[in-house]
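Text of input.tsv (TSV, C-alpha atoms and all ligand atoms) as supplied:
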```
chain	number	residue	atom	x	y	z
A	811	MET	CA	70.89	84.52	100.39
A	812	MET	CA	73.77	86.96	100.89
A	813	LYS	CA	77.12	85.78	99.46
A	814	ILE	CA	80.16	86.52	101.64
A	815	ALA	CA	83.85	86.23	100.75
A	816	ILE	CA	87.01	86.72	102.81
A	817	GLU	CA	90.16	87.40	100.79
A	818	GLU	CA	93.65	87.07	102.21
A	819	LEU	CA	96.44	89.31	100.97
A	820	ALA	CA	99.74	90.01	102.76
A	821	GLY	CA	98.92	89.50	106.42
A	822	CYS	CA	98.98	86.90	109.14
A	823	SER	CA	95.41	85.55	108.74
A	824	GLY	CA	94.65	86.89	112.22
A	825	CYS	CA	91.75	88.95	110.91
A	826	THR	CA	90.10	85.88	109.40
A	827	ILE	CA	90.67	84.04	112.67
A	828	ALA	CA	88.97	86.97	114.42
A	829	VAL	CA	85.90	86.32	112.27
A	830	LEU	CA	86.04	82.61	113.16
A	831	ASP	CA	86.31	83.63	116.81
A	832	LEU	CA	82.72	84.82	116.63
A	833	HIS	CA	82.00	81.20	117.60
A	834	GLU	CA	78.29	80.39	117.83
A	835	MET	CA	77.35	83.66	116.14
A	836	LEU	CA	78.82	82.14	112.99
A	837	LEU	CA	76.03	79.57	113.06
A	838	ASP	CA	73.49	82.38	112.93
A	839	LEU	CA	75.42	84.01	110.10
A	840	VAL	CA	75.59	80.91	107.93
A	841	ALA	CA	71.84	80.58	108.33
A	842	GLU	CA	71.53	84.01	106.71
A	843	ALA	CA	74.48	84.00	104.30
A	844	ASP	CA	76.67	81.70	102.24
A	845	ILE	CA	80.42	81.96	102.79
A	846	VAL	CA	81.41	81.32	99.18
A	847	TYR	CA	85.14	82.00	99.31
A	848	SER	CA	87.90	82.10	101.92
A	849	PRO	CA	91.35	80.61	101.28
A	850	VAL	CA	91.88	80.13	105.03
A	851	ILE	CA	88.72	78.22	105.87
A	852	MET	CA	87.72	76.46	102.64
A	853	ASP	CA	89.26	74.87	99.57
A	854	VAL	CA	88.00	77.26	96.89
A	855	LYS	CA	90.64	78.63	94.55
A	856	GLU	CA	88.75	81.48	92.90
A	857	PRO	CA	86.23	83.99	94.22
A	858	PRO	CA	82.96	83.51	92.32
A	859	GLU	CA	81.00	86.24	90.54
A	860	GLY	CA	78.15	87.94	92.38
A	861	ILE	CA	79.66	88.35	95.84
A	862	ASP	CA	77.60	90.67	98.04
A	863	ILE	CA	80.22	91.49	100.69
A	864	ALA	CA	83.96	90.84	100.39
A	865	PHE	CA	86.10	91.27	103.50
A	866	VAL	CA	89.70	91.85	102.43
A	867	THR	CA	92.45	91.30	104.98
A	868	GLY	CA	96.15	92.03	104.61
A	869	ALA	CA	98.05	94.62	102.63
A	870	VAL	CA	99.10	94.53	98.98
A	871	ARG	CA	102.80	93.66	98.87
A	872	ASN	CA	103.29	91.66	95.69
A	873	VAL	CA	101.90	91.20	92.21
A	874	GLU	CA	99.70	88.29	93.23
A	875	ASN	CA	98.12	90.32	96.05
A	876	ARG	CA	97.30	93.09	93.58
A	877	GLU	CA	95.74	90.70	91.06
A	878	ARG	CA	93.60	89.05	93.73
A	879	LEU	CA	92.46	92.39	95.08
A	880	GLU	CA	91.47	93.66	91.64
A	881	LYS	CA	89.58	90.45	90.93
A	882	ILE	CA	87.57	90.45	94.13
A	883	ARG	CA	86.80	94.15	93.77
A	884	LYS	CA	85.25	93.44	90.36
A	885	ARG	CA	83.20	90.58	91.75
A	886	ALA	CA	81.92	92.15	94.98
A	887	LYS	CA	79.21	94.76	95.45
A	888	THR	CA	80.60	95.87	98.82
A	889	LEU	CA	84.26	95.65	99.79
A	890	VAL	CA	85.35	95.96	103.43
A	891	ALA	CA	89.02	96.56	104.29
A	892	LEU	CA	89.27	94.40	107.42
A	893	GLY	CA	92.11	95.05	109.83
A	894	THR	CA	95.04	97.40	110.08
A	895	CYS	CA	97.07	95.76	107.31
A	896	ALA	CA	94.24	96.20	104.81
A	897	CYS	CA	93.40	99.72	106.02
A	898	TYR	CA	96.92	101.13	106.37
A	899	GLY	CA	99.56	98.60	105.31
A	900	GLY	CA	100.23	97.41	108.85
A	901	ILE	CA	102.84	94.76	109.45
A	902	SER	CA	103.41	94.18	105.75
A	903	GLY	CA	104.27	97.85	105.39
A	904	LEU	CA	107.22	97.34	107.72
A	905	SER	CA	108.82	95.18	105.03
A	906	MET	CA	109.70	98.41	103.24
A	907	LEU	CA	112.35	99.03	105.92
A	908	ASN	CA	114.53	96.28	104.41
A	909	SER	CA	115.71	95.28	100.97
A	910	ASN	CA	114.13	92.31	99.23
A	911	ASP	CA	117.40	90.39	99.55
A	912	ASP	CA	117.50	90.96	103.31
A	913	LEU	CA	113.86	89.92	103.69
A	914	PHE	CA	114.30	86.73	101.69
A	915	SER	CA	117.51	85.85	103.47
A	916	CYS	CA	115.84	86.31	106.86
A	917	VAL	CA	112.76	84.25	105.96
A	918	TYR	CA	114.39	81.45	104.00
A	919	ARG	CA	117.89	81.22	105.49
A	920	GLU	CA	117.92	82.59	109.02
A	921	VAL	CA	114.57	81.29	110.31
A	922	GLU	CA	115.22	77.58	110.31
A	923	THR	CA	111.65	76.58	111.07
A	924	THR	CA	110.39	77.99	107.78
A	925	LYS	CA	113.09	76.70	105.41
A	926	PRO	CA	115.66	74.47	107.07
A	927	ASP	CA	117.53	73.74	103.83
A	928	GLY	CA	118.26	77.45	103.34
A	929	VAL	CA	117.08	77.52	99.73
A	930	ILE	CA	115.33	80.66	98.55
A	931	PRO	CA	112.49	79.58	96.24
A	932	THR	CA	112.34	81.08	92.78
A	933	ASP	CA	108.56	80.99	92.38
A	934	VAL	CA	107.68	83.67	94.94
A	935	PRO	CA	105.48	86.38	93.32
A	936	PRO	CA	107.51	89.55	92.66
A	937	PHE	CA	107.24	92.33	95.21
A	938	LEU	CA	105.74	95.65	94.21
A	939	TYR	CA	108.07	98.58	94.85
A	940	ARG	CA	106.21	99.28	98.12
A	941	ALA	CA	103.37	97.94	100.24
A	942	PHE	CA	99.93	99.37	99.57
A	943	ALA	CA	96.83	99.62	101.69
A	944	VAL	CA	93.78	98.18	99.95
A	945	GLY	CA	92.26	101.63	99.52
A	946	ASP	CA	95.37	102.84	97.66
A	947	LEU	CA	94.47	100.59	94.74
A	948	VAL	CA	90.70	99.99	94.68
A	949	LYS	CA	87.53	101.57	95.99
A	950	VAL	CA	86.80	100.54	99.59
A	951	ASP	CA	83.26	100.80	100.91
A	952	TYR	CA	84.06	100.39	104.60
A	953	TYR	CA	87.22	100.49	106.72
A	954	VAL	CA	87.33	98.33	109.85
A	955	THR	CA	90.57	98.87	111.78
A	956	GLY	CA	92.28	96.81	114.47
A	957	CYS	CA	95.03	94.21	114.59
A	958	PRO	CA	92.85	92.24	114.55
A	959	PRO	CA	89.51	94.08	114.87
A	960	LYS	CA	87.87	93.61	118.26
A	961	GLU	CA	85.47	90.70	118.62
A	962	ALA	CA	82.78	92.88	120.20
A	963	PHE	CA	82.95	95.28	117.26
A	964	LEU	CA	82.75	92.49	114.68
A	965	LYS	CA	79.73	91.14	116.53
A	966	GLN	CA	78.04	94.49	116.05
A	967	ILE	CA	78.84	95.10	112.42
A	968	ILE	CA	78.95	91.75	110.61
A	969	PRO	CA	75.36	90.66	111.38
A	970	ALA	CA	74.18	94.16	110.47
A	971	MET	CA	76.03	94.00	107.15
A	972	VAL	CA	74.63	90.56	106.41
A	973	ALA	CA	71.16	91.92	107.17
A	974	GLY	CA	71.77	94.56	104.50
A	975	HIS	CA	71.92	97.60	106.78
A	976	THR	CA	73.94	100.66	105.85
A	977	LEU	CA	76.46	101.22	108.62
A	978	GLU	CA	77.95	104.32	110.19
A	979	LEU	CA	81.52	103.22	109.54
A	980	SER	CA	84.45	105.06	108.09
A	981	ARG	CA	84.35	105.20	104.32
A	982	LYS	CA	87.85	106.52	103.93
A	983	SER	CA	91.23	105.75	105.37
A	984	VAL	CA	92.84	108.31	107.65
A	985	CYS	CA	95.88	107.92	105.39
A	986	SER	CA	94.00	109.56	102.52
A	987	GLU	CA	92.71	112.52	104.54
A	1001	LIG	FE1	97.32	89.97	111.10
A	1001	LIG	FE2	96.95	92.29	112.36
A	1001	LIG	FE3	97.35	92.28	109.73
A	1001	LIG	FE4	95.04	91.35	110.73
A	1001	LIG	S1	95.78	93.48	110.85
A	1001	LIG	S2	96.28	90.38	109.11
A	1001	LIG	S3	95.74	90.42	112.68
A	1001	LIG	S4	98.85	91.61	111.30
```
Take the structure in the file and give it back as structure tokens.
Amino acid sequence: MMKIAIEELAGCSGCTIAVLDLHEMLLDLVAEADIVYSPVIMDVKEPPEGIDIAFVTGAVRNVENRERLEKIRKRAKTLVALGTCACYGGISGLSMLNSNDDLFSCVYREVETTKPDGVIPTDVPPFLYRAFAVGDLVKVDYYVTGCPPKEAFLKQIIPAMVAGHTLELSRKSVCSE
């Protein structure tokens, strides 16, 4: 049975929700494939070895994102950059417009719903000097754009991938052309 993983880097989880929004088609998929790892939908801390297809959502903004990306790349035969953040940097890339101090102050002091006591935590993984698209750091087999990708498109490509078909999808980011 095909082993599927969905990794979350710096993003909003909307791309994973887009996969969940396939609704009853998911039932067909889980009959054909095991979802072995997804931090959003299951309590599994580490991606296992021997993943067939890893969907990676979100950009690479901090050290932890980079470590997780490198790990899942080593453990997956096929890696799909899923969504605009993963393909190009997306929303996370906008963080480069502000200093780290300004970002942390906004998130932990000014937005009361996220941290009403105004304390900036000290255990946040360090930022890299810039945001990276997934393909900047590891080999990507397929790029699937969209914020999030369209449901109709996911319905075309995910069952075909799970069935082991080779798809006519972009194999490089427009950013690297
Ligand atoms: Fe969220 Fe859009 Fe980024 Fe997907 S591409 S993680 S929906 S911001």
(request) Take the point (80.8, 84.4, 117.3) in the file's coordinates, draw a sphere of radius 12 Å around it, and report as a list of chain:residue names every protein, DNA or RNA residue with an atom inside or on it, counting all atoms listed in the file. (result)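 Residues satisfying the cut-off, written out: A:Ile827, A:Ala828, A:Val829, A:Leu830, A:Asp831, A:Leu832, A:His833, A:Glu834, A:Met835, A:Leu836, A:Leu837, A:Asp838, A:Leu839, A:Val840, A:Lys960, A:Glu961, A:Ala962, A:Phe963, A:Leu964, A:Lys965, A:Gln966, A:Ile967, A:Ile968, A:Pro969.
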Between CA of Gly868 (chain A) and CA of Gly928 (chain A) lies a distance of 26.5 Å
Show me as a PyMOL selection string the residues that reach within 9 Å of (81.7, 93.6, 101.6), counting all atoms listed in the file and using the file's own coordinates.
chain A and resi 814-816+861-866+886-891+950-952+971
Select from chain A every residue with an atom at most 8 Å from any atom of ligand LIG 1001 (chain A), then for each give the shortest pair of atoms and their distance in Å to one decimal, using only C-alpha atoms and all ligand atoms, rows by chain and rising number, as a Markdown table.
```
| residue | atom | partner | partner_atom | distance |
| --- | --- | --- | --- | --- |
| A:Ala820 | CA | A:LIG1001 | S2 | 7.2 |
| A:Gly821 | CA | A:LIG1001 | S2 | 3.9 |
| A:Cys822 | CA | A:LIG1001 | FE1 | 4.0 |
| A:Ser823 | CA | A:LIG1001 | S2 | 4.9 |
| A:Gly824 | CA | A:LIG1001 | S3 | 3.7 |
| A:Cys825 | CA | A:LIG1001 | FE4 | 4.1 |
| A:Thr826 | CA | A:LIG1001 | FE4 | 7.5 |
| A:Ala828 | CA | A:LIG1001 | S3 | 7.8 |
| A:Thr867 | CA | A:LIG1001 | S2 | 5.7 |
| A:Gly868 | CA | A:LIG1001 | S2 | 4.8 |
| A:Ala869 | CA | A:LIG1001 | FE3 | 7.5 |
| A:Leu892 | CA | A:LIG1001 | FE4 | 7.3 |
| A:Gly893 | CA | A:LIG1001 | S1 | 4.1 |
| A:Thr894 | CA | A:LIG1001 | S1 | 4.1 |
| A:Cys895 | CA | A:LIG1001 | FE3 | 4.2 |
| A:Ala896 | CA | A:LIG1001 | S1 | 6.8 |
| A:Gly900 | CA | A:LIG1001 | FE3 | 5.9 |
| A:Ile901 | CA | A:LIG1001 | S4 | 5.4 |
| A:Ser902 | CA | A:LIG1001 | FE3 | 7.5 |
| A:Thr955 | CA | A:LIG1001 | S1 | 7.6 |
| A:Gly956 | CA | A:LIG1001 | S1 | 6.0 |
| A:Cys957 | CA | A:LIG1001 | FE2 | 3.5 |
| A:Pro958 | CA | A:LIG1001 | S3 | 3.9 |
| A:Pro959 | CA | A:LIG1001 | FE4 | 7.4 |
```
Shell around Val948 (chain A) at 9 Å using all atoms listed in the file, local window under 2 positions removed, as a count of residues only: 7
message: Given only C-alpha atoms as the basis, pick out the residue of A:Met852, A:Val870, A:Ala843, A:Val954 nearest to Pro936 (chain A).
response: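 Smallest distance to Pro936 (chain A) is found for A:Val870.
Note that CA of Arg876 (chain A) and CA of Cys916 (chain A) are 23.8 Å apart.
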**Message:** Please report the interatomic distance between CA of Pro931 (chain A) and CA of Arg919 (chain A) in Å with one decimal.
**Reply:**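 CA of Arg919 (chain A) lies at a distance of 10.8 Å from CA of Pro931 (chain A).
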Nearest to Asp912 (chain A), restricted to only C-alpha atoms and choosing among A:Ile930, A:Cys897, A:Ala973, A:Val846, comes out as A:Ile930
Among A:Glu817, A:Glu978, A:Glu920, A:Glu874, Pro935 (chain A) is approached most closely, using all atoms listed in the file, by A:Glu874
I'd like to know which of A:Leu938, A:Val929, A:Met812, A:Ile851 is closest to Ser905 (chain A), using all atoms listed in the file.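 Residue with the minimum atom-to-atom distance to Ser905 (chain A): A:Leu938.
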Using only C-alpha atoms, which residue out of A:Arg871, A:Asp844, A:Lys855, A:Ser909 lies closest to Phe942 (chain A)?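 Closest candidate: A:Arg871.
Nearest to Phe937 (chain A) of all the residues A:Leu913, A:Val873, A:Met811, A:Leu979 is A:Val873, counting all atoms listed in the file.
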Please complete region 938-961 of chain A with N, CA and C atoms and give it back as a short mmCIF file (atom, residue, chain, number, x, y, z; two decimals), keeping the file's coordinate frame.
```
data_model
loop_
_atom_site.label_atom_id
_atom_site.label_comp_id
_atom_site.auth_asym_id
_atom_site.auth_seq_id
_atom_site.Cartn_x
_atom_site.Cartn_y
_atom_site.Cartn_z
N LEU A 938 105.92 94.31 94.75
CA LEU A 938 105.74 95.65 94.21
C LEU A 938 106.81 96.55 94.84
N TYR A 939 106.98 97.74 94.34
CA TYR A 939 108.07 98.58 94.85
C TYR A 939 107.81 99.05 96.27
N ARG A 940 106.55 98.92 96.75
CA ARG A 940 106.21 99.28 98.12
C ARG A 940 104.96 98.50 98.50
N ALA A 941 104.64 98.53 99.79
CA ALA A 941 103.37 97.94 100.24
C ALA A 941 102.26 98.98 100.07
N PHE A 942 101.08 98.50 99.73
CA PHE A 942 99.93 99.37 99.57
C PHE A 942 98.81 98.94 100.52
N ALA A 943 98.10 99.92 101.04
CA ALA A 943 96.83 99.62 101.69
C ALA A 943 95.81 99.31 100.59
N VAL A 944 94.78 98.57 100.95
CA VAL A 944 93.78 98.18 99.95
C VAL A 944 93.17 99.41 99.26
N GLY A 945 92.90 100.44 100.07
CA GLY A 945 92.26 101.63 99.52
C GLY A 945 93.16 102.46 98.63
N ASP A 946 94.47 102.16 98.60
CA ASP A 946 95.37 102.84 97.66
C ASP A 946 95.10 102.40 96.23
N LEU A 947 94.54 101.20 96.07
CA LEU A 947 94.47 100.59 94.74
C LEU A 947 93.05 100.38 94.23
N VAL A 948 92.09 100.19 95.12
CA VAL A 948 90.70 99.99 94.68
C VAL A 948 89.76 100.76 95.60
N LYS A 949 88.54 100.90 95.15
CA LYS A 949 87.53 101.57 95.99
C LYS A 949 87.17 100.66 97.18
N VAL A 950 87.19 101.25 98.36
CA VAL A 950 86.80 100.54 99.59
C VAL A 950 85.49 101.15 100.08
N ASP A 951 84.54 100.30 100.43
CA ASP A 951 83.26 100.80 100.91
C ASP A 951 83.27 101.06 102.42
N TYR A 952 83.97 100.20 103.16
CA TYR A 952 84.06 100.39 104.60
C TYR A 952 85.46 100.03 105.09
N TYR A 953 85.96 100.80 106.06
CA TYR A 953 87.22 100.49 106.72
C TYR A 953 86.93 100.02 108.15
N VAL A 954 87.47 98.87 108.50
CA VAL A 954 87.33 98.33 109.85
C VAL A 954 88.74 98.09 110.38
N THR A 955 89.18 98.93 111.31
CA THR A 955 90.57 98.87 111.78
C THR A 955 90.71 97.91 112.96
N GLY A 956 91.96 97.69 113.34
CA GLY A 956 92.28 96.81 114.47
C GLY A 956 93.20 95.70 114.02
N CYS A 957 94.04 95.24 114.92
CA CYS A 957 95.03 94.21 114.59
C CYS A 957 94.98 93.09 115.63
N PRO A 958 93.97 92.20 115.48
CA PRO A 958 92.85 92.24 114.55
C PRO A 958 91.72 93.11 115.11
N PRO A 959 90.66 93.34 114.34
CA PRO A 959 89.51 94.08 114.87
C PRO A 959 88.93 93.37 116.10
N LYS A 960 88.40 94.16 117.01
CA LYS A 960 87.87 93.61 118.26
C LYS A 960 86.65 92.73 118.00
N GLU A 961 86.59 91.64 118.75
CA GLU A 961 85.47 90.70 118.62
C GLU A 961 84.12 91.39 118.85
#
```
